[in-house]
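Below you'll find the structure, written out as structure tokens, and then a few comments.
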Amino acid sequence: MKKILLEEVFKLSGIPTYTFVKPMEYTKLLISLRTPGRGLVIEGPSGIGKTTSVIKALSELDIENTTLKLTARKKEDRELISQLPEMDNIGIVIVDDFHRLDEDTKKTLADYMKTLADEENQNSKLIIVGINKAGDSLVKFASDLNNRIDTVKFESNPETKVKELIKKGEEALNIELNISDDIINNAHGSFHITQLLCNWTCILNNIIEYQEILVTTEVSFELVQEKVLDELSRVFYDIARSFATGPRLRKEGRAPYLRILYWIANSDEWSVNLDYLISQNPSHKGSVGQVVEKGYLESFLNTNPIFTDVIHFDKNTHILNIEDPKFFYYIRNIEWSKFSNQIGYTNTNFESKYDFALSFAGADRKVAEKLFECLTESEISVFYDKNEQHRILAEDVEAYLGPIYKSEATYVVVLLSNDYPNRIWTKFESTQFKNRFGEKSIIPIWFSDCPRSLFDKTTEVGGIEFDIKSDYDAQINEITNLLIRKLGDRI
């Protein structure tokens, strides 16, 4: 008689043979699958058991072999997916990784599901499988689709379900895991991580197949976790480092990509709404907010294949999803201060909201805006009034701006042109920051048309000359580099 092998029980990939556990949503899923014609959306984090449950349910209904399974990860499948609405009687079709489809194909599928529901087509059923908010993404293209489809949301599995998985594995191998409670607490509801931790527990106890006599493992959870993290580090360290440093490492900046990764690692969910996190962390809205709003994050992820199977960002909802549960487990358990230093950031604690605040007369907006663009492209957090207009709306303007120039910017960069002393708002701003000269926080930029005597206080500190008759772009690039170097020296 063939013995049951460890890799068949605590499986690291594929459909579980001995340890399949029906998630809480399984009954609703079963009923939805057997309802002819009605569209179905299955959403939830990776590693939670969505695809496995669908396949098991199809098998239970004896329709697995007649179901066409497609995934947006494959080019040939994507071409077929886009053609589905043009076909008659498609039968049952599963479209996995829906979130990876382009916007046009998503809209086409949304319209198609609506048509199938309206016609009550008994010979065509479309099943969409995706990460969190897949249903919301679909409904966005057809607002009245919501009542025409079923949505099954897979959440983190409760501890009872994780315990059931471990128990089935123990029975299959005739063993008892001495650290089962630790595994349950550490898996955070992921069946995939549970399998991984159980697999390593057995390996460290030399259990590779069914035991003729009941065996109780003797190993510390700390050792198991160390082995798991060592293994994951070889796969995911470079990915985590590449994401955390962003398009280019700038130790002078606020490390917005590192901050995003840290927020995810400390989240209870596989997906995070970056808009919400920015609102909860206002000191980083200038840095993280700009890489999100200006499309830098989207471009960075789309142009780096290393992230394709690990991280997904929805540019419409600003929801960032971790697609590989092993990567999520890895970043949750790394030593963040050590990791931060390893990749080049020696200081990730920022007290001020902005690195620089720009103070200038309206007539000099062209210079201010170019300087703002150059600094933000280098992932530096800058207060520039035009970029903050939506936040200033309905606010007491003086109450809003005052603290920024008084203390909320590390440095105030003052564009001292001939117009500067004659404007109401520059007078207000200078009143707010005038006491900061002694803090070495004011950086004057003297325009060549401005007599220095008008600003005697600024002559006491180092500043930058700006020749209004010379090339603006070259000078602003040079000023940007000087400001970045100044910020770097502070760290």
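All residue names refer to the structure tokens as shown: chains lettered A, B, ... in order, residues numbered from 1 in each chain, ligands numbered from 1 in order.
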
Find the spatial neighbours of stretch 25-34 of chain A, counting only C-alpha atoms, within a cut-off of 9 Å - ignore same-chain residues fewer than 5 positions away - and output them as an NGL selection string.
:A and (39-40 or 42 or 53-54 or 57-58 or 60-61 or 125 or 127 or 150-155)

Env of A:Glu79: 12 Å cut, atoms = only C-alpha atoms, seq-sep filter 3 positions within chain, self excluded. Answer as a list in words.
Leu70, Thr71, Ala72, Arg73, Lys74, Lys75, Glu76, Ser82, Gln83, Leu84, Pro85, Val95, Leu101, Asp102 and Thr105 of chain A

Among the residues of stretch 374-415 of chain A, find those DSSP assigns to strand (DSSP E or B) from the backbone and print them as an NGL selection string.
:A and (382-383 or 409-415)

Kindly export the residues of the current selection with N, CA and C atoms, as a PDB file, in the first residue's frame.
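File produced: out.pdb:
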ATOM      1  N   VAL A 382       6.774  68.717  -0.870  1.00  0.00           N
ATOM      2  CA  VAL A 382       6.812  70.172  -1.024  1.00  0.00           C
ATOM      3  C   VAL A 382       5.416  70.766  -0.847  1.00  0.00           C
ATOM      4  N   PHE A 383       5.326  71.840  -0.044  1.00  0.00           N
ATOM      5  CA  PHE A 383       4.070  72.582   0.002  1.00  0.00           C
ATOM      6  C   PHE A 383       4.116  73.665  -1.073  1.00  0.00           C
ATOM      7  N   ALA A 409       6.952  72.645   7.860  1.00  0.00           N
ATOM      8  CA  ALA A 409       7.909  72.387   6.785  1.00  0.00           C
ATOM      9  C   ALA A 409       9.314  72.435   7.370  1.00  0.00           C
ATOM     10  N   THR A 410      10.145  71.476   7.005  1.00  0.00           N
ATOM     11  CA  THR A 410      11.519  71.463   7.506  1.00  0.00           C
ATOM     12  C   THR A 410      12.257  72.732   7.095  1.00  0.00           C
ATOM     13  N   TYR A 411      12.075  73.133   5.833  1.00  0.00           N
ATOM     14  CA  TYR A 411      12.691  74.360   5.328  1.00  0.00           C
ATOM     15  C   TYR A 411      11.637  75.189   4.588  1.00  0.00           C
ATOM     16  N   VAL A 412      11.764  76.509   4.695  1.00  0.00           N
ATOM     17  CA  VAL A 412      10.953  77.414   3.892  1.00  0.00           C
ATOM     18  C   VAL A 412      11.866  78.023   2.833  1.00  0.00           C
ATOM     19  N   VAL A 413      11.512  77.829   1.573  1.00  0.00           N
ATOM     20  CA  VAL A 413      12.273  78.386   0.452  1.00  0.00           C
ATOM     21  C   VAL A 413      11.554  79.651  -0.006  1.00  0.00           C
ATOM     22  N   VAL A 414      12.243  80.793   0.112  1.00  0.00           N
ATOM     23  CA  VAL A 414      11.622  82.087  -0.169  1.00  0.00           C
ATOM     24  C   VAL A 414      12.156  82.636  -1.491  1.00  0.00           C
ATOM     25  N   LEU A 415      11.270  82.860  -2.461  1.00  0.00           N
ATOM     26  CA  LEU A 415      11.653  83.412  -3.759  1.00  0.00           C
ATOM     27  C   LEU A 415      11.562  84.933  -3.675  1.00  0.00           C
TER      28      LEU A 415
END

Top pick for closest residue to A:Lys2, considering A:Ile90, A:Ala244, A:Glu377, A:Glu209 and counting only C-alpha atoms:
A:Glu209

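When DSSP reads the backbone of this structure, the residues of stretch 397-441 of chain A it assigns to alpha helix (DSSP H) are Val397, Glu398, Ala399, Tyr400, Leu401, Gly402, Pro403, Ile424, Trp425, Thr426, Lys427, Phe428, Glu429, Ser430, Thr431, Gln432 and Phe433 of chain A.
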
Deliver the residues from the most recent selection as a file, using all heavy atoms, as a short mmCIF file (atom, residue, chain, number, x, y, z; two decimals), in the first residue's frame.
data_model
loop_
_atom_site.label_atom_id
_atom_site.label_comp_id
_atom_site.auth_asym_id
_atom_site.auth_seq_id
_atom_site.Cartn_x
_atom_site.Cartn_y
_atom_site.Cartn_z
N VAL A 397 -8.15 80.14 5.55
CA VAL A 397 -6.89 80.08 4.81
C VAL A 397 -5.70 80.42 5.72
O VAL A 397 -4.68 79.74 5.69
CB VAL A 397 -6.92 81.01 3.58
CG1 VAL A 397 -5.60 80.94 2.84
CG2 VAL A 397 -8.07 80.60 2.66
N GLU A 398 -5.84 81.47 6.51
CA GLU A 398 -4.73 81.84 7.38
C GLU A 398 -4.45 80.76 8.41
O GLU A 398 -3.29 80.46 8.71
CB GLU A 398 -5.02 83.18 8.06
CG GLU A 398 -5.01 84.37 7.10
CD GLU A 398 -5.05 85.70 7.83
OE1 GLU A 398 -5.02 85.70 9.08
OE2 GLU A 398 -5.10 86.75 7.16
N ALA A 399 -5.49 80.17 8.95
CA ALA A 399 -5.31 79.10 9.94
C ALA A 399 -4.69 77.86 9.31
O ALA A 399 -3.93 77.13 9.95
CB ALA A 399 -6.66 78.74 10.57
N TYR A 400 -4.99 77.65 8.03
CA TYR A 400 -4.44 76.48 7.32
C TYR A 400 -2.97 76.70 6.98
O TYR A 400 -2.14 75.81 7.17
CB TYR A 400 -5.25 76.23 6.04
CG TYR A 400 -4.84 74.99 5.28
CD1 TYR A 400 -5.46 73.77 5.53
CD2 TYR A 400 -3.84 75.03 4.31
CE1 TYR A 400 -5.09 72.63 4.84
CE2 TYR A 400 -3.47 73.91 3.61
CZ TYR A 400 -4.10 72.70 3.88
OH TYR A 400 -3.72 71.57 3.18
N LEU A 401 -2.66 77.89 6.45
CA LEU A 401 -1.30 78.15 5.97
C LEU A 401 -0.32 78.48 7.09
O LEU A 401 0.86 78.15 7.00
CB LEU A 401 -1.31 79.31 4.96
CG LEU A 401 -2.08 79.08 3.66
CD1 LEU A 401 -2.03 80.33 2.80
CD2 LEU A 401 -1.50 77.90 2.89
N GLY A 402 -0.80 79.14 8.13
CA GLY A 402 0.08 79.58 9.19
C GLY A 402 1.00 78.51 9.75
O GLY A 402 2.23 78.66 9.77
N PRO A 403 0.46 77.37 10.21
CA PRO A 403 1.31 76.32 10.79
C PRO A 403 2.33 75.74 9.82
O PRO A 403 3.40 75.30 10.23
CB PRO A 403 0.29 75.25 11.22
CG PRO A 403 -0.99 75.98 11.38
CD PRO A 403 -0.96 77.05 10.33
N ILE A 424 0.15 90.89 -0.34
CA ILE A 424 -0.48 90.64 0.97
C ILE A 424 -0.09 89.28 1.53
O ILE A 424 0.30 89.13 2.70
CB ILE A 424 -2.01 90.75 0.85
CG1 ILE A 424 -2.42 92.17 0.52
CG2 ILE A 424 -2.68 90.29 2.16
CD1 ILE A 424 -3.90 92.37 0.29
N TRP A 425 -0.16 88.24 0.67
CA TRP A 425 0.07 86.89 1.18
C TRP A 425 1.53 86.63 1.50
O TRP A 425 1.85 85.89 2.43
CB TRP A 425 -0.45 85.84 0.18
CG TRP A 425 -1.92 85.64 0.32
CD1 TRP A 425 -2.89 86.00 -0.56
CD2 TRP A 425 -2.59 85.08 1.45
NE1 TRP A 425 -4.13 85.70 -0.06
CE2 TRP A 425 -3.98 85.12 1.17
CE3 TRP A 425 -2.18 84.56 2.66
CZ2 TRP A 425 -4.94 84.66 2.06
CZ3 TRP A 425 -3.14 84.09 3.57
CH2 TRP A 425 -4.50 84.15 3.26
N THR A 426 2.45 87.24 0.76
CA THR A 426 3.86 87.06 1.11
C THR A 426 4.17 87.73 2.45
O THR A 426 5.00 87.23 3.22
CB THR A 426 4.77 87.60 0.00
OG1 THR A 426 4.40 88.96 -0.29
CG2 THR A 426 4.66 86.76 -1.25
N LYS A 427 3.51 88.85 2.72
CA LYS A 427 3.68 89.50 4.02
C LYS A 427 3.17 88.60 5.13
O LYS A 427 3.79 88.47 6.20
CB LYS A 427 2.95 90.85 4.05
CG LYS A 427 3.60 91.93 3.19
CD LYS A 427 2.82 93.22 3.27
CE LYS A 427 3.49 94.30 2.41
NZ LYS A 427 2.74 95.59 2.45
N PHE A 428 2.03 87.95 4.89
CA PHE A 428 1.48 87.02 5.89
C PHE A 428 2.42 85.84 6.10
O PHE A 428 2.74 85.47 7.24
CB PHE A 428 0.11 86.52 5.42
CG PHE A 428 -0.40 85.34 6.22
CD1 PHE A 428 -0.91 85.51 7.49
CD2 PHE A 428 -0.32 84.05 5.70
CE1 PHE A 428 -1.35 84.42 8.24
CE2 PHE A 428 -0.76 82.96 6.43
CZ PHE A 428 -1.28 83.14 7.71
N GLU A 429 2.88 85.25 5.01
CA GLU A 429 3.77 84.08 5.12
C GLU A 429 5.08 84.43 5.82
O GLU A 429 5.55 83.68 6.69
CB GLU A 429 4.04 83.51 3.72
CG GLU A 429 2.81 82.89 3.07
CD GLU A 429 2.99 82.64 1.58
OE1 GLU A 429 4.11 82.84 1.08
OE2 GLU A 429 2.00 82.26 0.91
N SER A 430 5.67 85.58 5.46
CA SER A 430 6.94 85.96 6.07
C SER A 430 6.78 86.22 7.57
O SER A 430 7.70 85.98 8.35
CB SER A 430 7.54 87.18 5.36
OG SER A 430 6.67 88.30 5.45
N THR A 431 5.61 86.71 7.96
CA THR A 431 5.34 86.91 9.39
C THR A 431 5.35 85.57 10.13
O THR A 431 5.81 85.49 11.28
CB THR A 431 3.97 87.60 9.58
OG1 THR A 431 4.00 88.87 8.94
CG2 THR A 431 3.67 87.80 11.06
N GLN A 432 4.87 84.52 9.46
CA GLN A 432 4.82 83.20 10.09
C GLN A 432 6.20 82.59 10.27
O GLN A 432 6.48 81.94 11.28
CB GLN A 432 3.95 82.25 9.25
CG GLN A 432 2.56 82.76 8.91
CD GLN A 432 1.77 83.21 10.11
OE1 GLN A 432 1.65 82.47 11.11
NE2 GLN A 432 1.25 84.43 10.07
N PHE A 433 7.09 82.80 9.29
CA PHE A 433 8.39 82.12 9.38
C PHE A 433 9.55 83.01 9.84
O PHE A 433 10.69 82.54 9.95
CB PHE A 433 8.76 81.44 8.04
CG PHE A 433 9.00 82.36 6.88
CD1 PHE A 433 10.12 83.19 6.82
CD2 PHE A 433 8.13 82.38 5.79
CE1 PHE A 433 10.36 84.01 5.74
CE2 PHE A 433 8.35 83.21 4.70
CZ PHE A 433 9.48 84.04 4.68
#

Contact residues around A:Thr217 with only C-alpha atoms at 9 Å, ignoring same-chain residues under 5 positions, as a PyMOL selection string:
chain A and resi 175-179+201-202+204-205+207

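For the atom pair formed by atom CA of A:Lys114 and atom CA of A:Glu86, the distance is 14.1 Å, given to one decimal.
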
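Proximity to A:Ala117 was assessed for A:Pro36, A:Ile184, A:Glu64, A:His99 counting only C-alpha atoms; the smallest distance is recorded for A:Pro36.
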
Just give me the gap between atom CA of A:Asp88 and atom CA of A:Glu43 in Å, one decimal is fine.
26.4 Å

Would you pick out the contacts of stretch 227-233 of chain A at 12 Å or less, using only C-alpha atoms, so that residues sharing its chain but fewer than 5 positions from it are not included, and give the list as an MDAnalysis selection string?
chainID A and resid 193:201 203:204 219:222 238:241 324:335 339
